[in-house]
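Q: The following block contains the structure, expressed as structure tokens.
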Amino acid sequence: MHLHDVWFVLIAVLWTGYFFLEGFDFGIGVLTRLLARDRPERRVLINTIGPVWDGNEVWLITAGGATFAAFPEWYATLFSGFYLPLLVILLCLIIRVVAFEYRAKRTGERWQTGWEQAIFWTSLLPAFLWGVVFADIVHGVEIDASGEYTGGLPELFGPYALLGGLVTLSLFTFHGAVFAALKTLGDIRARARRFATRAGAVTAVFALAFLAWTQAHGGNARSLAAAVVAVLALLAALGANLRGREGWAFAFSGITVVAAVAMLFLVLFPDVMPSTLDPAWSLTVENASSTPYTLKIMTWCAAIAAPLVVLYQAWTYWVFRRRIGTQHIAEAH
């Protein structure tokens, strides 16, 4: 296997880790309006991800940096052609950080309500737009012979891309509801399980349509296997949730995310951005990659740093593993 193939796999792993972790993170943000009934319950939901949400975003930074270093042509075309959607995602992530940090700095009703609304919208929009972006990457966009995107903004929001956005939004919301049931106590825990059942049913409808469309468009035997795993894991997550087995439900919802993202990258390979104008103009792991020497240095750096980051993040989740409820929220909040 060539180093550019290795780095395609590593970038796929980074994006998969990001969607697995930030997926329930976004879901919790959406649930602050759809599940929580009052401010203490919203605070409970926010506290379930309070110690870990910023660590989850490290996976995005690493995935973006690895793409820039390993596949500069891919990075250049992606961030120039998808400039507006990615800019909206970036602004949402910045505002979301500020909202988490500033919400409790003052006790005024208007102040806290405003930041809570910001958390909701800056979780919902990226959850939808990431699906749109990756659906476009897999389906292909208008790339010319020089590797530049020649389409406009409307072309990025076709039916397939919009369905991809609905899949990620519903799946992340379901993933977040299962995580909320796993991490909370009392009435909010029971309501999170009931909400997860409804969200999972909606996700199943969107996911089946999207995975079937993806497989029909450019799938292979490996992508079909990943799609089957995703569907079976989603059904298993719904079953575990109905039985109150919250740990298993979260594990299976996570497998659903992992398998679905893996399917997209299996369909994409060996392209990194297919061209709908001419297949010969597509960006591939070969023509979009850096030099072998650059990839070799990156491989050594990743081999040393990546295990340390994973171990530290796993330790963080272990330390903050206990459930919380409204009884743990200070009255001042």
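By convention in this document, the chains of the structure tokens carry letters A, B, ... by their order, each chain's residues are numbered from 1, and ligands are numbered from 1 in the order they are shown.
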Quick one: residues within 12 Å of A:Leu3, only C-alpha atoms counted, chain neighbours fewer than 6 positions away excluded, as a list in words?

A: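 Here the qualifying residues turn out to be Val9, Leu10, Ala70, Phe71, Val285, Glu286, Ser289, Ser290, Thr291, Pro292, Tyr293, Thr294, Leu295, Lys296, Ile297, Met298, Thr299 and Trp300 of chain A.
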
Q: Within 8 Å of stretch 248-260 of chain A, counting only C-alpha atoms, which residues show up once you throw out same-chain ones fewer than 3 positions away? Write them as a ChimeraX atom specification, please.

A: /A:16-17,19-20,171,174-175,178-179,182,211,226-227,229-231,233-234,236-241,245,263-264

Q: To one decimal place in Å, what is the distance between atom CA of A:Arg198 and atom CA of A:Asp54?

A: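 Computing the Euclidean distance for atom CA of A:Arg198 and atom CA of A:Asp54 yields 28.5 Å.
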
Q: Pick out each residue of stretch 68-287 of chain A that DSSP on the backbone tags as strand (DSSP E); I need them as a ChimeraX atom specification.

A: /A:271-273,283-284

Q: Print the selection's residues with N, CA and C atoms to a file, as a compact mmCIF listing (two decimals), in the first residue's frame.

A:
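Written out: again02.txt:
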```
# COMPACT_ATOMS: atom_id res chain seq x y z
N ASP A 271 -10.85 8.12 -5.63
CA ASP A 271 -11.03 9.56 -5.79
C ASP A 271 -11.05 10.24 -4.41
N VAL A 272 -10.75 11.52 -4.40
CA VAL A 272 -10.98 12.33 -3.21
C VAL A 272 -12.03 13.40 -3.49
N MET A 273 -12.15 13.79 -4.77
CA MET A 273 -13.24 14.64 -5.22
C MET A 273 -13.53 14.33 -6.68
N LEU A 283 -10.10 14.55 -8.84
CA LEU A 283 -8.95 14.53 -7.94
C LEU A 283 -8.89 13.16 -7.29
N THR A 284 -7.71 12.54 -7.32
CA THR A 284 -7.54 11.20 -6.77
C THR A 284 -6.46 11.20 -5.69
```

Q: Tell me, as a list in words, which residues lie within 9 Å of A:Ala135, counting only C-alpha atoms; anything in the same chain fewer than 5 positions away does not count.

A: Trp130, Gly140, Tyr160, Ala161, Leu162, Leu163, Gly164, Gly165, Thr214 and Leu264 of chain A

Q: Let me see the file: selected residues, all heavy atoms, as a PDB file, in the first residue's frame.

A:
```pdb
ATOM      1  N   TRP A 130     -22.657  19.508   7.419  1.00  0.00           N
ATOM      2  CA  TRP A 130     -21.625  18.489   7.212  1.00  0.00           C
ATOM      3  C   TRP A 130     -22.150  17.371   6.317  1.00  0.00           C
ATOM      4  O   TRP A 130     -21.419  16.826   5.483  1.00  0.00           O
ATOM      5  CB  TRP A 130     -21.150  17.911   8.547  1.00  0.00           C
ATOM      6  CG  TRP A 130     -20.119  18.720   9.252  1.00  0.00           C
ATOM      7  CD1 TRP A 130     -20.144  19.150  10.556  1.00  0.00           C
ATOM      8  CD2 TRP A 130     -18.863  19.175   8.727  1.00  0.00           C
ATOM      9  NE1 TRP A 130     -19.005  19.858  10.857  1.00  0.00           N
ATOM     10  CE2 TRP A 130     -18.207  19.885   9.750  1.00  0.00           C
ATOM     11  CE3 TRP A 130     -18.244  19.066   7.484  1.00  0.00           C
ATOM     12  CZ2 TRP A 130     -16.959  20.477   9.568  1.00  0.00           C
ATOM     13  CZ3 TRP A 130     -16.994  19.661   7.301  1.00  0.00           C
ATOM     14  CH2 TRP A 130     -16.367  20.343   8.330  1.00  0.00           C
ATOM     15  N   GLY A 140     -19.840  13.881  -6.264  1.00  0.00           N
ATOM     16  CA  GLY A 140     -19.090  14.577  -7.300  1.00  0.00           C
ATOM     17  C   GLY A 140     -19.622  15.962  -7.566  1.00  0.00           C
ATOM     18  O   GLY A 140     -20.821  16.219  -7.408  1.00  0.00           O
ATOM     19  N   TYR A 160     -29.667  15.036  -3.563  1.00  0.00           N
ATOM     20  CA  TYR A 160     -28.819  14.074  -2.851  1.00  0.00           C
ATOM     21  C   TYR A 160     -28.108  14.742  -1.669  1.00  0.00           C
ATOM     22  O   TYR A 160     -28.027  14.174  -0.571  1.00  0.00           O
ATOM     23  CB  TYR A 160     -27.797  13.480  -3.810  1.00  0.00           C
ATOM     24  CG  TYR A 160     -26.854  12.489  -3.184  1.00  0.00           C
ATOM     25  CD1 TYR A 160     -27.254  11.182  -2.913  1.00  0.00           C
ATOM     26  CD2 TYR A 160     -25.536  12.851  -2.877  1.00  0.00           C
ATOM     27  CE1 TYR A 160     -26.377  10.271  -2.342  1.00  0.00           C
ATOM     28  CE2 TYR A 160     -24.657  11.945  -2.311  1.00  0.00           C
ATOM     29  CZ  TYR A 160     -25.082  10.651  -2.043  1.00  0.00           C
ATOM     30  OH  TYR A 160     -24.207   9.754  -1.472  1.00  0.00           O
ATOM     31  N   ALA A 161     -27.588  15.943  -1.881  1.00  0.00           N
ATOM     32  CA  ALA A 161     -26.894  16.656  -0.814  1.00  0.00           C
ATOM     33  C   ALA A 161     -27.847  17.013   0.323  1.00  0.00           C
ATOM     34  O   ALA A 161     -27.501  16.889   1.509  1.00  0.00           O
ATOM     35  CB  ALA A 161     -26.234  17.912  -1.367  1.00  0.00           C
ATOM     36  N   LEU A 162     -29.059  17.463  -0.015  1.00  0.00           N
ATOM     37  CA  LEU A 162     -30.033  17.793   1.024  1.00  0.00           C
ATOM     38  C   LEU A 162     -30.424  16.557   1.826  1.00  0.00           C
ATOM     39  O   LEU A 162     -30.597  16.627   3.047  1.00  0.00           O
ATOM     40  CB  LEU A 162     -31.267  18.439   0.393  1.00  0.00           C
ATOM     41  CG  LEU A 162     -31.052  19.824  -0.223  1.00  0.00           C
ATOM     42  CD1 LEU A 162     -32.325  20.304  -0.917  1.00  0.00           C
ATOM     43  CD2 LEU A 162     -30.628  20.836   0.837  1.00  0.00           C
ATOM     44  N   LEU A 163     -30.571  15.423   1.149  1.00  0.00           N
ATOM     45  CA  LEU A 163     -30.872  14.179   1.866  1.00  0.00           C
ATOM     46  C   LEU A 163     -29.714  13.807   2.787  1.00  0.00           C
ATOM     47  O   LEU A 163     -29.937  13.362   3.922  1.00  0.00           O
ATOM     48  CB  LEU A 163     -31.132  13.054   0.861  1.00  0.00           C
ATOM     49  CG  LEU A 163     -31.452  11.678   1.459  1.00  0.00           C
ATOM     50  CD1 LEU A 163     -32.691  11.745   2.345  1.00  0.00           C
ATOM     51  CD2 LEU A 163     -31.630  10.647   0.347  1.00  0.00           C
ATOM     52  N   GLY A 164     -28.481  14.015   2.322  1.00  0.00           N
ATOM     53  CA  GLY A 164     -27.332  13.770   3.182  1.00  0.00           C
ATOM     54  C   GLY A 164     -27.348  14.645   4.424  1.00  0.00           C
ATOM     55  O   GLY A 164     -27.027  14.183   5.522  1.00  0.00           O
ATOM     56  N   GLY A 165     -27.752  15.911   4.263  1.00  0.00           N
ATOM     57  CA  GLY A 165     -27.862  16.793   5.415  1.00  0.00           C
ATOM     58  C   GLY A 165     -28.923  16.337   6.401  1.00  0.00           C
ATOM     59  O   GLY A 165     -28.719  16.395   7.629  1.00  0.00           O
ATOM     60  N   THR A 214     -26.615   6.085  -2.431  1.00  0.00           N
ATOM     61  CA  THR A 214     -25.156   6.103  -2.509  1.00  0.00           C
ATOM     62  C   THR A 214     -24.618   4.820  -3.118  1.00  0.00           C
ATOM     63  O   THR A 214     -23.734   4.842  -3.984  1.00  0.00           O
ATOM     64  CB  THR A 214     -24.554   6.300  -1.109  1.00  0.00           C
ATOM     65  OG1 THR A 214     -25.076   7.502  -0.525  1.00  0.00           O
ATOM     66  CG2 THR A 214     -23.033   6.401  -1.172  1.00  0.00           C
ATOM     67  N   LEU A 264     -19.104   5.982   2.999  1.00  0.00           N
ATOM     68  CA  LEU A 264     -18.860   7.118   2.115  1.00  0.00           C
ATOM     69  C   LEU A 264     -17.427   7.117   1.593  1.00  0.00           C
ATOM     70  O   LEU A 264     -17.182   7.347   0.401  1.00  0.00           O
ATOM     71  CB  LEU A 264     -19.154   8.427   2.846  1.00  0.00           C
ATOM     72  CG  LEU A 264     -20.604   8.664   3.266  1.00  0.00           C
ATOM     73  CD1 LEU A 264     -20.742  10.020   3.957  1.00  0.00           C
ATOM     74  CD2 LEU A 264     -21.549   8.584   2.071  1.00  0.00           C
TER      75      LEU A 264
END
```

Q: May I ask which of the residues A:Phe128, A:Trp7, A:Phe79, A:Phe24 is the closest one to A:Trp53, counting only C-alpha atoms?

A: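 The shortest atom-to-atom distance to A:Trp53 comes from A:Phe24.
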
Q: May I ask for the distance between atom CA of A:Ala190 and atom CA of A:Thr173, given in Å to one decimal place?

A: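 The value is 16.1 Å.
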
Q: Just give me the gap between atom CA of A:Val132 and atom CA of A:Ser282 in Å, one decimal is fine.

A: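 Between atom CA of A:Val132 and atom CA of A:Ser282 the gap is 19.3 Å.
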
Q: Given only C-alpha atoms as the basis, pick out the residue of A:Ala280, A:Gly218, A:Leu124, A:Thr184 nearest to A:Ala36.

A: A:Thr184

Q: Please report, as a ChimeraX atom specification, each residue of stretch 108-276 of chain A to which DSSP assigns helix (DSSP H, G or I) when run on this structure's backbone.

A: /A:109-139,154-157,159-183,187-218,221-242,246-268

Q: Excluding A:Arg96 and any residue of its chain fewer than 6 positions from it, enumerate the residues within 7 Å of it, using only C-alpha atoms, and give them as a list in words.

A: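 Close residues of A:Arg96: Ala118, Ile119 and Thr122 of chain A.
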
Q: For the selection just defined, write its residues with C-alpha atoms to a file, as an mmCIF file, in the first residue's frame.

A:
```cif
data_model
loop_
_atom_site.group_PDB
_atom_site.id
_atom_site.type_symbol
_atom_site.label_atom_id
_atom_site.label_comp_id
_atom_site.auth_asym_id
_atom_site.auth_seq_id
_atom_site.Cartn_x
_atom_site.Cartn_y
_atom_site.Cartn_z
ATOM 1 C CA ALA A 118 -27.123 30.216 19.989
ATOM 2 C CA ILE A 119 -26.135 26.750 21.242
ATOM 3 C CA THR A 122 -24.951 26.487 16.056
#
```

Q: Could you check the closest approach to A:Glu148 for each of A:Leu232, A:Ala288, A:Val52, A:Leu78 and tell me which residue wins, using only C-alpha atoms?

A: A:Leu78

Q: Counting only C-alpha atoms, which of A:Ala66, A:Ala99, A:Thr113, A:Asp187 gets nearest to A:Arg33?

A: A:Thr113

Q: List as a ChimeraX atom specification the protein and nucleic acid residues near stretch 304-321 of chain A, meaning an atom at most 9 Å away when only C-alpha atoms are counted, but skip any in the same chain fewer than 5 places from it.

A: /A:48,51-52,55-56,183,299

Q: Which residue, A:Ile324, A:Val98, A:Ala192, A:Leu153, has the smallest gap to A:Ser80 when you use only C-alpha atoms?

A: A:Leu153
